[in-house]
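File shown: structure.txt (compact mmCIF, C-alpha atoms and all ligand atoms).
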# COMPACT_ATOMS: atom_id res chain seq x y z
CA MET A 227 -3.42 -16.75 -27.40
CA LEU A 228 -2.43 -15.25 -24.04
CA LYS A 229 0.02 -17.13 -21.83
CA PRO A 230 -1.53 -18.09 -18.48
CA LEU A 231 -0.12 -16.53 -15.30
CA ASN A 232 -1.43 -18.70 -12.48
CA ILE A 233 -2.23 -16.76 -9.32
CA GLY A 234 -2.24 -18.35 -5.87
CA MET A 235 -3.66 -15.89 -3.37
CA ILE A 236 -3.39 -16.13 0.44
CA GLY A 237 -6.09 -14.29 2.42
CA TYR A 238 -9.60 -13.42 1.23
CA GLY A 239 -10.39 -10.30 3.26
CA PHE A 240 -10.47 -6.69 2.11
CA MET A 241 -7.35 -6.96 -0.06
CA GLY A 242 -8.19 -10.49 -1.19
CA ARG A 243 -11.33 -9.04 -2.76
CA ALA A 244 -9.58 -5.97 -4.20
CA HIS A 245 -6.87 -8.12 -5.84
CA SER A 246 -9.28 -10.79 -7.10
CA ASN A 247 -11.30 -8.07 -8.79
CA ALA A 248 -8.11 -6.72 -10.36
CA TYR A 249 -7.08 -10.12 -11.77
CA ARG A 250 -10.56 -10.65 -13.18
CA GLN A 251 -10.62 -7.29 -14.96
CA VAL A 252 -7.07 -6.62 -16.06
CA ASN A 253 -7.14 -8.50 -19.37
CA GLN A 254 -10.43 -6.90 -20.38
CA PHE A 255 -8.88 -3.42 -20.28
CA PHE A 256 -5.11 -3.74 -20.77
CA PRO A 257 -3.43 -5.35 -23.79
CA LEU A 258 -1.00 -7.88 -22.30
CA LYS A 259 0.63 -11.12 -23.43
CA HIS A 260 -0.28 -12.93 -20.19
CA ARG A 261 -3.71 -13.74 -18.78
CA ALA A 262 -4.17 -13.65 -14.99
CA VAL A 263 -5.73 -16.98 -13.99
CA LEU A 264 -7.42 -17.33 -10.58
CA LYS A 265 -5.81 -20.71 -9.94
CA ALA A 266 -6.10 -21.06 -6.16
CA ILE A 267 -7.25 -19.21 -3.06
CA CYS A 268 -5.97 -20.08 0.42
CA ALA A 269 -7.25 -19.28 3.91
CA ARG A 270 -7.70 -21.38 7.04
CA ASP A 271 -11.49 -21.85 7.10
CA LYS A 272 -12.41 -24.52 4.51
CA ASN A 273 -16.09 -23.57 4.16
CA LYS A 274 -15.40 -19.87 3.86
CA VAL A 275 -12.56 -20.33 1.41
CA GLU A 276 -14.74 -22.53 -0.81
CA GLU A 277 -17.52 -19.94 -0.74
CA PHE A 278 -15.01 -17.23 -1.71
CA ALA A 279 -13.64 -19.42 -4.53
CA SER A 280 -17.10 -19.92 -5.96
CA THR A 281 -18.01 -16.20 -5.70
CA TRP A 282 -14.85 -15.04 -7.45
CA GLY A 283 -14.22 -17.98 -9.79
CA TYR A 284 -11.06 -19.52 -8.31
CA GLU A 285 -10.32 -22.97 -9.75
CA SER A 286 -9.19 -24.52 -6.44
CA THR A 287 -8.71 -23.92 -2.71
CA GLU A 288 -6.12 -24.59 -0.01
CA THR A 289 -6.23 -24.18 3.76
CA ASP A 290 -2.47 -24.40 4.35
CA TRP A 291 -0.45 -21.63 2.70
CA LYS A 292 2.71 -23.79 2.57
CA LYS A 293 0.87 -26.31 0.39
CA LEU A 294 -0.21 -23.55 -1.94
CA VAL A 295 3.30 -22.12 -2.20
CA GLU A 296 4.72 -25.57 -3.03
CA ARG A 297 2.20 -26.34 -5.79
CA LYS A 298 3.84 -26.67 -9.23
CA ASP A 299 0.88 -25.11 -11.04
CA ILE A 300 1.21 -21.73 -9.25
CA ASP A 301 3.34 -18.96 -10.81
CA VAL A 302 2.57 -16.02 -8.51
CA ILE A 303 1.99 -15.97 -4.75
CA ASP A 304 -0.12 -12.99 -3.73
CA ILE A 305 0.11 -12.25 0.01
CA CYS A 306 -3.05 -10.62 1.40
CA THR A 307 -2.63 -11.69 5.03
CA PRO A 308 -1.97 -9.65 8.17
CA ASN A 309 1.52 -8.15 8.35
CA HIS A 310 3.20 -10.72 10.64
CA LEU A 311 2.88 -13.41 7.94
CA HIS A 312 4.40 -11.43 5.04
CA ALA A 313 8.02 -12.39 5.76
CA GLU A 314 7.59 -16.10 6.36
CA ILE A 315 5.36 -16.57 3.31
CA SER A 316 7.63 -14.45 1.06
CA LYS A 317 10.79 -16.31 2.04
CA HIS A 318 9.13 -19.69 1.49
CA ALA A 319 7.70 -18.56 -1.85
CA ALA A 320 11.09 -17.23 -2.99
CA ALA A 321 12.71 -20.56 -2.06
CA PHE A 322 10.16 -22.28 -4.34
CA GLY A 323 10.92 -19.86 -7.20
CA LYS A 324 7.55 -18.13 -7.16
CA MET A 325 6.92 -14.56 -8.24
CA ILE A 326 5.66 -12.63 -5.22
CA LEU A 327 3.15 -9.83 -4.87
CA CYS A 328 3.04 -8.77 -1.22
CA GLU A 329 0.66 -6.41 0.52
CA LYS A 330 2.03 -3.39 2.36
CA PRO A 331 3.71 -2.75 4.69
CA LEU A 332 6.42 -5.08 3.39
CA SER A 333 7.28 -6.33 6.88
CA MET A 334 6.94 -5.87 10.63
CA ASN A 335 10.21 -3.89 10.72
CA ALA A 336 13.21 -3.02 8.55
CA GLU A 337 15.35 -5.94 9.71
CA GLU A 338 12.69 -8.43 8.62
CA GLY A 339 12.20 -6.43 5.40
CA LEU A 340 15.88 -6.76 4.52
CA GLU A 341 15.68 -10.55 4.89
CA MET A 342 12.77 -10.52 2.45
CA VAL A 343 14.72 -8.38 -0.03
CA SER A 344 17.68 -10.78 0.21
CA ALA A 345 15.40 -13.79 -0.33
CA VAL A 346 13.76 -12.48 -3.53
CA GLU A 347 17.00 -11.09 -4.93
CA LYS A 348 18.86 -14.35 -4.25
CA ALA A 349 16.07 -16.36 -5.87
CA LYS A 350 15.83 -13.81 -8.74
CA VAL A 351 12.03 -13.89 -8.62
CA PRO A 352 9.92 -10.94 -9.82
CA ASN A 353 8.47 -9.12 -6.81
CA MET A 354 6.25 -6.15 -6.04
CA VAL A 355 4.53 -4.53 -3.05
CA TRP A 356 0.97 -3.22 -3.26
CA TYR A 357 1.50 0.49 -2.62
CA ASN A 358 -1.44 1.05 -4.93
CA TYR A 359 -1.82 4.82 -4.50
CA ARG A 360 1.02 5.34 -6.99
CA ARG A 361 -1.50 4.12 -9.58
CA VAL A 362 -4.23 6.67 -8.89
CA PRO A 363 -4.17 8.52 -12.25
CA ALA A 364 -4.16 11.92 -10.50
CA ILE A 365 -1.13 10.91 -8.41
CA THR A 366 0.69 9.49 -11.45
CA LEU A 367 -0.05 12.81 -13.16
CA ALA A 368 1.40 14.66 -10.14
CA LYS A 369 4.57 12.57 -10.54
CA GLN A 370 4.82 13.56 -14.22
CA ILE A 371 4.41 17.26 -13.37
CA ILE A 372 6.97 17.14 -10.54
CA ASP A 373 9.48 15.21 -12.68
CA SER A 374 9.11 17.77 -15.49
CA GLY A 375 10.55 20.39 -13.11
CA LYS A 376 7.46 22.61 -13.50
CA LEU A 377 7.20 23.24 -9.75
CA GLY A 378 10.83 24.37 -9.51
CA ARG A 379 12.63 24.01 -6.20
CA ILE A 380 10.45 22.10 -3.71
CA PHE A 381 9.95 23.69 -0.28
CA HIS A 382 7.25 21.65 1.44
CA TYR A 383 5.57 18.24 1.31
CA ARG A 384 2.74 17.44 3.72
CA SER A 385 0.53 14.42 3.95
CA ASN A 386 -2.18 13.12 6.30
CA PHE A 387 -4.14 9.90 6.66
CA LEU A 388 -7.05 10.36 9.08
CA GLN A 389 -9.59 7.84 10.36
CA ASP A 390 -11.92 7.58 13.38
CA TRP A 391 -12.82 3.90 13.84
CA THR A 392 -11.00 2.99 17.07
CA ILE A 393 -12.21 5.76 19.41
CA ASN A 394 -14.54 3.44 21.38
CA PRO A 395 -12.50 2.08 24.34
CA GLU A 396 -14.75 -1.03 24.43
CA LEU A 397 -13.46 -2.13 21.00
CA PRO A 398 -11.35 -5.26 21.58
CA GLN A 399 -7.97 -5.96 19.96
CA GLY A 400 -6.72 -8.97 18.00
CA GLY A 401 -8.32 -11.87 16.15
CA ALA A 402 -9.54 -12.08 12.56
CA ALA A 403 -11.41 -8.76 12.50
CA LEU A 404 -9.17 -6.61 14.69
CA TRP A 405 -5.62 -7.80 14.03
CA ARG A 406 -4.68 -4.18 13.18
CA LEU A 407 -5.00 -3.30 16.89
CA ASP A 408 -2.74 -6.17 18.00
CA VAL A 409 0.93 -5.28 17.80
CA ALA A 410 1.91 -8.96 17.39
CA SER A 411 0.04 -9.13 14.04
CA ALA A 412 0.35 -5.54 12.85
CA GLY A 413 3.88 -4.55 13.97
CA SER A 414 2.73 -0.99 14.65
CA GLY A 415 -0.47 1.05 14.50
CA VAL A 416 -1.21 3.93 12.15
CA THR A 417 2.50 4.28 11.38
CA GLY A 418 2.81 0.98 9.48
CA ASP A 419 -0.83 0.81 8.40
CA LEU A 420 -1.53 4.32 7.10
CA LEU A 421 1.63 6.43 7.14
CA ALA A 422 3.34 3.66 5.14
CA HIS A 423 1.12 4.71 2.19
CA CYS A 424 1.85 8.42 2.75
CA ILE A 425 5.60 7.76 2.94
CA ASP A 426 5.76 5.49 -0.13
CA THR A 427 3.83 8.05 -2.19
CA ALA A 428 5.90 10.95 -0.81
CA MET A 429 9.26 9.34 -1.59
CA TRP A 430 8.07 8.36 -5.06
CA LEU A 431 7.03 11.96 -5.75
CA ASN A 432 9.68 13.92 -3.85
CA GLY A 433 12.65 11.59 -3.26
CA PRO A 434 13.99 10.04 -0.05
CA LEU A 435 13.37 11.33 3.47
CA SER A 436 16.69 11.90 5.22
CA THR A 437 15.74 12.71 8.82
CA VAL A 438 12.61 12.60 11.01
CA SER A 439 11.32 13.68 14.42
CA ALA A 440 8.11 12.01 15.59
CA LEU A 441 5.47 11.96 18.29
CA ILE A 442 3.20 8.94 18.82
CA GLU A 443 0.30 8.36 21.20
CA THR A 444 -1.79 5.39 22.28
CA PHE A 445 -5.00 6.97 23.56
CA VAL A 446 -6.59 3.73 24.78
CA LYS A 447 -3.91 1.90 26.77
CA GLU A 448 -5.69 -1.44 27.42
CA ARG A 449 -8.23 -3.44 25.44
CA LYS A 450 -9.71 -6.90 25.76
CA HIS A 451 -7.81 -9.31 23.50
CA ASN A 452 -10.06 -11.41 21.28
CA LEU A 453 -7.69 -14.41 21.33
CA THR A 454 -7.01 -14.59 25.10
CA GLY A 455 -10.25 -13.04 26.43
CA LYS A 456 -8.11 -10.98 28.84
CA VAL A 457 -7.67 -7.21 29.08
CA GLU A 458 -4.17 -6.58 27.73
CA LYS A 459 -1.85 -3.64 27.12
CA VAL A 460 -2.27 -2.04 23.68
CA GLY A 461 1.08 -2.10 21.87
CA ILE A 462 0.19 -0.13 18.75
CA ASP A 463 0.31 3.63 18.14
CA ASP A 464 -3.15 5.19 17.72
CA ALA A 465 -1.74 8.43 16.31
CA CYS A 466 1.57 9.54 14.83
CA THR A 467 2.76 12.96 13.79
CA PHE A 468 6.20 13.55 12.36
CA MET A 469 8.20 16.26 10.73
CA GLY A 470 11.34 15.78 8.74
CA ARG A 471 13.56 16.76 5.88
CA PHE A 472 13.80 15.25 2.41
CA ALA A 473 17.19 14.73 0.74
CA ASN A 474 16.27 17.53 -1.71
CA GLY A 475 16.11 19.98 1.23
CA SER A 476 12.32 20.30 1.39
CA LEU A 477 10.50 20.07 4.71
CA ALA A 478 8.14 17.20 5.55
CA SER A 479 5.01 17.22 7.69
CA PHE A 480 3.01 14.00 8.18
CA GLU A 481 0.09 13.04 10.43
CA SER A 482 -2.00 9.93 10.87
CA THR A 483 -4.59 8.95 13.45
CA ARG A 484 -7.62 6.73 14.00
CA TYR A 485 -9.07 9.35 16.38
CA ALA A 486 -10.05 12.15 13.98
CA ARG A 487 -13.82 12.03 14.55
CA GLY A 488 -15.66 12.36 11.25
CA HIS A 489 -12.86 11.12 9.01
CA LYS A 490 -13.03 7.62 7.50
CA ALA A 491 -10.06 7.49 5.12
CA LEU A 492 -8.87 11.01 4.48
CA PHE A 493 -5.53 10.55 2.73
CA THR A 494 -4.30 13.94 1.54
CA LEU A 495 -1.06 15.27 0.12
CA GLU A 496 0.23 18.67 -0.91
CA ILE A 497 3.54 19.76 -2.39
CA ASN A 498 4.67 23.39 -2.64
CA GLY A 499 7.39 24.47 -5.04
CA GLU A 500 8.90 27.74 -6.25
CA TYR A 501 6.58 28.01 -9.29
CA GLY A 502 3.55 26.03 -8.21
CA SER A 503 1.78 23.63 -5.91
CA LEU A 504 -0.18 20.39 -6.26
CA ALA A 505 -2.76 18.93 -3.89
CA TRP A 506 -4.77 15.70 -3.87
CA ASP A 507 -7.18 13.93 -1.57
CA LEU A 508 -8.57 10.41 -1.58
CA HIS A 509 -12.21 11.50 -1.21
CA ASP A 510 -11.99 13.12 -4.65
CA LEU A 511 -9.32 10.83 -6.05
CA HIS A 512 -9.94 11.61 -9.73
CA ARG A 513 -9.05 15.30 -9.24
CA LEU A 514 -5.65 16.98 -8.98
CA SER A 515 -5.52 20.56 -7.68
CA ILE A 516 -2.86 22.63 -9.40
CA PHE A 517 -1.60 26.16 -8.79
CA ASP A 518 0.72 27.51 -11.49
CA TYR A 519 2.43 30.77 -10.54
CA LYS A 520 3.55 31.31 -14.15
CA GLU A 521 -0.04 31.84 -15.32
CA ASP A 522 -1.38 35.36 -16.01
CA SER A 523 -1.59 37.09 -12.61
CA LEU A 524 -5.11 38.43 -13.28
CA THR A 525 -6.64 34.97 -13.75
CA ARG A 526 -4.15 32.88 -11.78
CA GLY A 527 -5.59 30.60 -9.09
CA TRP A 528 -6.02 27.03 -7.93
CA LYS A 529 -7.64 24.83 -10.55
CA SER A 530 -9.08 21.37 -10.12
CA VAL A 531 -8.17 19.09 -13.02
CA HIS A 532 -10.62 16.26 -13.68
CA VAL A 533 -8.11 13.51 -14.50
CA THR A 534 -10.21 11.63 -17.04
CA ASP A 535 -8.83 12.52 -20.47
CA GLY A 536 -7.31 9.92 -22.76
CA GLU A 537 -3.87 11.50 -22.38
CA HIS A 538 -4.00 11.27 -18.59
CA PRO A 539 -2.17 8.27 -17.06
CA TYR A 540 -4.05 4.95 -17.47
CA MET A 541 -7.24 6.69 -18.67
CA LYS A 542 -7.10 5.68 -22.34
CA ASN A 543 -7.75 2.10 -21.18
CA TRP A 544 -11.06 3.05 -19.58
CA TRP A 545 -14.19 4.84 -20.76
CA VAL A 546 -14.47 8.16 -22.58
CA PRO A 547 -13.15 11.59 -21.43
CA GLY A 548 -15.09 13.00 -18.49
CA LEU A 549 -15.97 9.62 -16.98
CA GLN A 550 -14.02 8.87 -13.84
CA ILE A 551 -12.72 5.67 -12.29
CA GLY A 552 -12.20 4.77 -8.62
CA TYR A 553 -10.26 3.06 -5.84
CA GLU A 554 -10.51 -0.47 -7.22
CA HIS A 555 -8.88 0.57 -10.48
CA THR A 556 -5.57 1.34 -8.74
CA PHE A 557 -5.18 -2.40 -8.14
CA ILE A 558 -6.04 -3.20 -11.75
CA HIS A 559 -3.36 -0.71 -12.86
CA GLN A 560 -0.86 -2.30 -10.53
CA VAL A 561 -1.50 -5.81 -11.91
CA ALA A 562 -1.29 -4.45 -15.47
CA ASP A 563 2.05 -2.79 -14.68
CA PHE A 564 3.36 -5.94 -12.99
CA ILE A 565 2.53 -8.10 -16.01
CA ALA A 566 3.86 -5.51 -18.49
CA ALA A 567 7.12 -5.28 -16.51
CA LEU A 568 7.38 -9.06 -16.42
CA GLU A 569 7.02 -9.14 -20.21
CA SER A 570 9.84 -6.61 -20.59
CA GLY A 571 12.08 -8.40 -18.06
CA THR A 572 11.94 -5.79 -15.26
CA ASN A 573 10.34 -5.48 -11.81
CA ALA A 574 7.30 -3.26 -11.50
CA GLN A 575 7.78 -0.66 -8.77
CA PRO A 576 7.71 -0.58 -5.88
CA ASP A 577 9.56 -3.86 -5.61
CA PHE A 578 10.68 -5.32 -2.26
CA ARG A 579 13.87 -3.23 -2.25
CA SER A 580 11.96 0.00 -2.81
CA ALA A 581 9.34 -0.91 -0.17
CA TYR A 582 12.21 -1.67 2.23
CA GLN A 583 13.15 2.03 2.05
CA THR A 584 9.69 2.89 3.40
CA GLN A 585 10.30 0.31 6.12
CA LEU A 586 13.51 2.15 7.10
CA VAL A 587 11.55 5.40 7.44
CA LEU A 588 8.83 3.69 9.52
CA ASP A 589 11.48 2.30 11.88
CA ALA A 590 13.14 5.74 12.13
CA VAL A 591 9.78 7.40 12.92
CA LEU A 592 9.01 4.91 15.70
CA LYS A 593 12.56 5.14 17.08
CA SER A 594 12.41 8.93 17.10
CA ALA A 595 9.10 8.88 19.01
CA ARG A 596 10.45 6.36 21.53
CA GLU A 597 13.75 8.16 22.09
CA LYS A 598 12.38 11.74 21.71
CA ASN A 599 15.17 12.50 19.24
CA TRP A 600 15.79 13.31 15.60
CA VAL A 601 16.70 10.14 13.66
CA SER A 602 18.63 10.09 10.37
CA ILE A 603 17.89 7.47 7.73
CA ALA A 604 20.67 5.75 5.78
CA TYR A 605 19.43 3.77 2.77
N1 LIG B 1 -2.87 -1.55 -0.33
C1 LIG B 1 -3.83 -1.13 0.48
O1 LIG B 1 -4.42 -0.08 0.28
C2 LIG B 1 -4.23 -1.97 1.65
C3 LIG B 1 -5.51 -1.80 2.23
C4 LIG B 1 -5.87 -2.66 3.28
C5 LIG B 1 -4.98 -3.61 3.74
N2 LIG B 1 -3.74 -3.72 3.19
C6 LIG B 1 -2.79 -4.74 3.67
O2 LIG B 1 -3.26 -6.02 3.22
C7 LIG B 1 -3.01 -7.02 4.19
C8 LIG B 1 -4.33 -7.69 4.57
O3 LIG B 1 -5.21 -6.70 5.05
P1 LIG B 1 -6.81 -6.86 4.89
O4 LIG B 1 -7.40 -5.54 5.20
O5 LIG B 1 -7.15 -7.53 3.62
O6 LIG B 1 -7.07 -7.85 6.11
P2 LIG B 1 -8.32 -8.80 6.34
O7 LIG B 1 -8.37 -9.04 7.80
O8 LIG B 1 -9.53 -8.27 5.64
O9 LIG B 1 -7.88 -10.16 5.59
C9 LIG B 1 -6.80 -10.94 6.04
C10 LIG B 1 -6.93 -12.32 5.47
O10 LIG B 1 -5.81 -13.09 5.86
C11 LIG B 1 -6.27 -14.41 6.18
N3 LIG B 1 -5.30 -15.09 7.04
C12 LIG B 1 -4.89 -14.72 8.28
N4 LIG B 1 -4.01 -15.62 8.75
C13 LIG B 1 -3.85 -16.57 7.79
C14 LIG B 1 -3.08 -17.77 7.67
N5 LIG B 1 -2.27 -18.18 8.66
N6 LIG B 1 -3.17 -18.49 6.53
C15 LIG B 1 -3.96 -18.08 5.52
N7 LIG B 1 -4.73 -16.98 5.58
C16 LIG B 1 -4.67 -16.22 6.69
C17 LIG B 1 -7.61 -14.15 6.85
O11 LIG B 1 -8.41 -15.32 6.82
C18 LIG B 1 -8.18 -13.06 5.96
O12 LIG B 1 -8.83 -13.63 4.86
C19 LIG B 1 -2.33 -6.31 5.36
O13 LIG B 1 -0.94 -6.47 5.24
C20 LIG B 1 -2.71 -4.86 5.18
O14 LIG B 1 -1.77 -3.95 5.70
C21 LIG B 1 -3.37 -2.93 2.16
Show me, as structure tokens, the structure contained in the file I just sent.
Ligand SMILES: NC(=O)c1ccc[n+]([C@@H]2O[C@H](COP(=O)([O-])OP(=O)(O)OC[C@H]3O[C@@H](n4cnc5c(N)ncnc54)[C@H](O)[C@@H]3O)[C@@H](O)[C@H]2O)c1
Amino acid sequence: MLKPLNIGMIGYGFMGRAHSNAYRQVNQFFPLKHRAVLKAICARDKNKVEEFASTWGYESTETDWKKLVERKDIDVIDICTPNHLHAEISKHAAAFGKMILCEKPLSMNAEEGLEMVSAVEKAKVPNMVWYNYRRVPAITLAKQIIDSGKLGRIFHYRSNFLQDWTINPELPQGGAALWRLDVASAGSGVTGDLLAHCIDTAMWLNGPLSTVSALIETFVKERKHNLTGKVEKVGIDDACTFMGRFANGSLASFESTRYARGHKALFTLEINGEYGSLAWDLHDLHRLSIFDYKEDSLTRGWKSVHVTDGEHPYMKNWWVPGLQIGYEHTFIHQVADFIAALESGTNAQPDFRSAYQTQLVLDAVLKSAREKNWVSIAY
């Protein structure tokens, strides 16, 4: 008999759906001692939250997140709200002894992130941040290859996250659908939204970034605000490019924008070492490109590994070799890892403290762009 792990989720948008799907599937595919139970879903609109609960099978609903956090029958608070609410909800949940799963970015800035780290560490509650790309099997495989030393000394790491959905200057900012364009809800633009993923993945694969130099741009300076009805200054960055250095001496090159016409969600990464290189992109997420310099020179070349064999990370829990999985599975893997870690008395990574390191880099990137200077990062 599996022990119930009662989930109380706040927010039923994009991530609310991705996480609900993960909780529903995890026990079907991963052998665990706990069963994720969809105990309660919370959002402000009573009718919509009840509809969501009935679609996904939640046992109950709330419209006030504080009430949900304070309920005795909830073990885990899952935060799927816009960024400005992450800190307040996390601190309240920690004070009530709840385990916390928080969406990325951890916080609006590093200072707020540190308060969240202190709150969960003081309360000694298990905590994790949903940097789900670590759980793409091809990226987990990249980590195994890099950690084995097979690439030798690392020279370069480059990563992009390109989109094109905010080019229209008539697009308003703010409100339920467009909070990402409102600096008061998002904290920053592509830097916190998209580069946060690139940075978390990069530091997991290649170690900490030590110094950065960045350029940001806001192409559309004013937009109508959905909450006030007035045309207001846009406070987010539409595009961010930065270079830097990792602590291991390798050079970093990162770019993100919502103005790359034709690109919807092109997250790419490439790492170049002395004996080989690895490359990955989200549009073909089940493949890892590998170049191994030690192979026979006559037949040496880039190969594309279909990461679907039983010995590949996570894949033995799915179908048969050759059949791929997708984006939604990264969340299932993350829940499985969280529960497994809980059962062995550890925190699944990245926990709040690890995600705080990404927050320090995001702050350094924005500071560097503002001050037109190199900025060093002390962890
Ligand atoms: N891990 C990833 O790949 C990934 C992808 C997308 C978004 N995110 C992150 O997830 C979070 C949510 O993003 P999203 O795309 O799901 O947004 P969304 O707009 O689709 O959903 C946000 C939800 O929060 C709810 N909400 C807002 N204010 C609330 C309040 N005061 N009380 C209760 N509910 C409230 C809204 O009703 C909505 O259901 C953000 O922090 C975002 O950065 C992560």
Selected residue, from A:Glu443, A:Glu288, A:Glu296, A:Glu396, that lies nearest to ligand LIG 1 (chain B) when counting all atoms listed in the file: A:Glu288
List all protein, DNA and RNA residues that have an atom no more than 8 Å from any atom of ligand LIG 1 (chain B), counting only C-alpha atoms and all ligand atoms, and report them as an MDAnalysis selection string. chainID A and resid 236:243 268:271 289:291 305:309 311:312 328:332 356:359 402:405 412 418:419 423
Kindly provide, as a PyMOL selection string, the polymer residues lying within 10 Å of (-1.4, 7.2, 9.8), counting all atoms listed in the file and using the coordinates exactly as they appear in the file. chain A and resi 385-389+415-425+463-467+480-484+491-493
Residues near Phe472 in chain A, cut-off 7 Å, all atoms listed in the file, skip fewer than 2 positions along chain, as a ChimeraX atom specification: /A:433-436,470,474-478
C-alpha atoms of the current selection, written as a PDB file, in the coordinates of the input:
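again-v5.pdb, written as the output of this step:
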ATOM      1  CA  GLY A 433      12.650  11.590  -3.260  1.00  0.00           C
ATOM      2  CA  PRO A 434      13.990  10.040  -0.050  1.00  0.00           C
ATOM      3  CA  LEU A 435      13.370  11.330   3.470  1.00  0.00           C
ATOM      4  CA  SER A 436      16.690  11.900   5.220  1.00  0.00           C
ATOM      5  CA  GLY A 470      11.340  15.780   8.740  1.00  0.00           C
ATOM      6  CA  ASN A 474      16.270  17.530  -1.710  1.00  0.00           C
ATOM      7  CA  GLY A 475      16.110  19.980   1.230  1.00  0.00           C
ATOM      8  CA  SER A 476      12.320  20.300   1.390  1.00  0.00           C
ATOM      9  CA  LEU A 477      10.500  20.070   4.710  1.00  0.00           C
ATOM     10  CA  ALA A 478       8.140  17.200   5.550  1.00  0.00           C
TER      11      ALA A 478
END
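Distances here use all atoms listed in the file; by that measure, the residue among A:Ile558, A:Leu431, A:Ala410, A:Leu514 closest to Leu453 in chain A is A:Ala410.
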Which one is closest to Gln550 in chain A: A:Val457, A:Pro257, A:Ala364, A:Lys490? Count only C-alpha atoms.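 Among the listed residues, the smallest separation from Gln550 in chain A belongs to A:Ala364.
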Set the distance at 8 Å and use only C-alpha atoms: which residues neighbour range 561-569 of chain A once local chain neighbours fewer than 3 positions away are removed? I'd like the list as a ChimeraX atom specification. /A:248-249,252,256,258-260,352,354,557-558,572-574
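Minimum atom-to-atom distance to Gly488 in chain A, evaluated using all atoms listed in the file, belongs to A:Ile393 out of A:Met325, A:Ala595, A:Leu367, A:Ile393.
Considering all atoms listed in the file, the residue among A:Val446, A:Ala262, A:Ala486, A:Ala440 positioned nearest to Lys598 in chain A is A:Ala440.
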Could the residues of range 369-429 of chain A that have an atom at most 12 Å from range 535-547 of chain A be listed as a tab-separated table, each with its closest atom pair and the distance in Å to one decimal, counting all atoms listed in the file and ordered by chain and ascending residue number?
residue	atom	partner	partner_atom	distance
A:Lys369	CA	A:Pro539	CA	10.3
A:Gln370	CA	A:Pro539	CA	9.2
A:Ile371	CA	A:His538	CA	11.6
Restricting the calculation to all atoms listed in the file, which member of A:Asp518, A:Glu554, A:Asp510, A:Asp408 is positioned closest to Val533 in chain A?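 Of the candidates, the smallest distance to Val533 in chain A is held by A:Asp510.
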Would you mind writing range 347-358 of chain A with N, CA and C atoms, as a PDB file, in the frame of the given file?
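File result.pdb, as written:
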ATOM      1  N   GLU A 347      15.892 -11.412  -4.026  1.00  0.00           N
ATOM      2  CA  GLU A 347      17.000 -11.090  -4.930  1.00  0.00           C
ATOM      3  C   GLU A 347      17.883 -12.316  -5.168  1.00  0.00           C
ATOM      4  N   LYS A 348      18.075 -13.124  -4.108  1.00  0.00           N
ATOM      5  CA  LYS A 348      18.860 -14.350  -4.250  1.00  0.00           C
ATOM      6  C   LYS A 348      18.147 -15.323  -5.196  1.00  0.00           C
ATOM      7  N   ALA A 349      16.849 -15.425  -5.040  1.00  0.00           N
ATOM      8  CA  ALA A 349      16.070 -16.360  -5.870  1.00  0.00           C
ATOM      9  C   ALA A 349      15.795 -15.795  -7.270  1.00  0.00           C
ATOM     10  N   LYS A 350      16.077 -14.492  -7.459  1.00  0.00           N
ATOM     11  CA  LYS A 350      15.830 -13.810  -8.740  1.00  0.00           C
ATOM     12  C   LYS A 350      14.371 -13.954  -9.196  1.00  0.00           C
ATOM     13  N   VAL A 351      13.449 -13.787  -8.251  1.00  0.00           N
ATOM     14  CA  VAL A 351      12.030 -13.890  -8.620  1.00  0.00           C
ATOM     15  C   VAL A 351      11.425 -12.490  -8.716  1.00  0.00           C
ATOM     16  N   PRO A 352      10.594 -12.236  -9.734  1.00  0.00           N
ATOM     17  CA  PRO A 352       9.920 -10.940  -9.820  1.00  0.00           C
ATOM     18  C   PRO A 352       9.113 -10.680  -8.550  1.00  0.00           C
ATOM     19  N   ASN A 353       9.136  -9.439  -8.078  1.00  0.00           N
ATOM     20  CA  ASN A 353       8.470  -9.120  -6.810  1.00  0.00           C
ATOM     21  C   ASN A 353       7.931  -7.705  -6.822  1.00  0.00           C
ATOM     22  N   MET A 354       6.863  -7.490  -6.087  1.00  0.00           N
ATOM     23  CA  MET A 354       6.250  -6.150  -6.040  1.00  0.00           C
ATOM     24  C   MET A 354       5.445  -6.020  -4.755  1.00  0.00           C
ATOM     25  N   VAL A 355       5.323  -4.798  -4.262  1.00  0.00           N
ATOM     26  CA  VAL A 355       4.530  -4.530  -3.050  1.00  0.00           C
ATOM     27  C   VAL A 355       3.371  -3.606  -3.434  1.00  0.00           C
ATOM     28  N   TRP A 356       2.201  -3.890  -2.834  1.00  0.00           N
ATOM     29  CA  TRP A 356       0.970  -3.220  -3.260  1.00  0.00           C
ATOM     30  C   TRP A 356       0.790  -1.820  -2.679  1.00  0.00           C
ATOM     31  N   TYR A 357       1.735  -0.927  -2.960  1.00  0.00           N
ATOM     32  CA  TYR A 357       1.500   0.490  -2.620  1.00  0.00           C
ATOM     33  C   TYR A 357       0.706   1.075  -3.792  1.00  0.00           C
ATOM     34  N   ASN A 358      -0.589   0.809  -3.762  1.00  0.00           N
ATOM     35  CA  ASN A 358      -1.440   1.050  -4.930  1.00  0.00           C
ATOM     36  C   ASN A 358      -1.705   2.517  -5.230  1.00  0.00           C
TER      37      ASN A 358
END
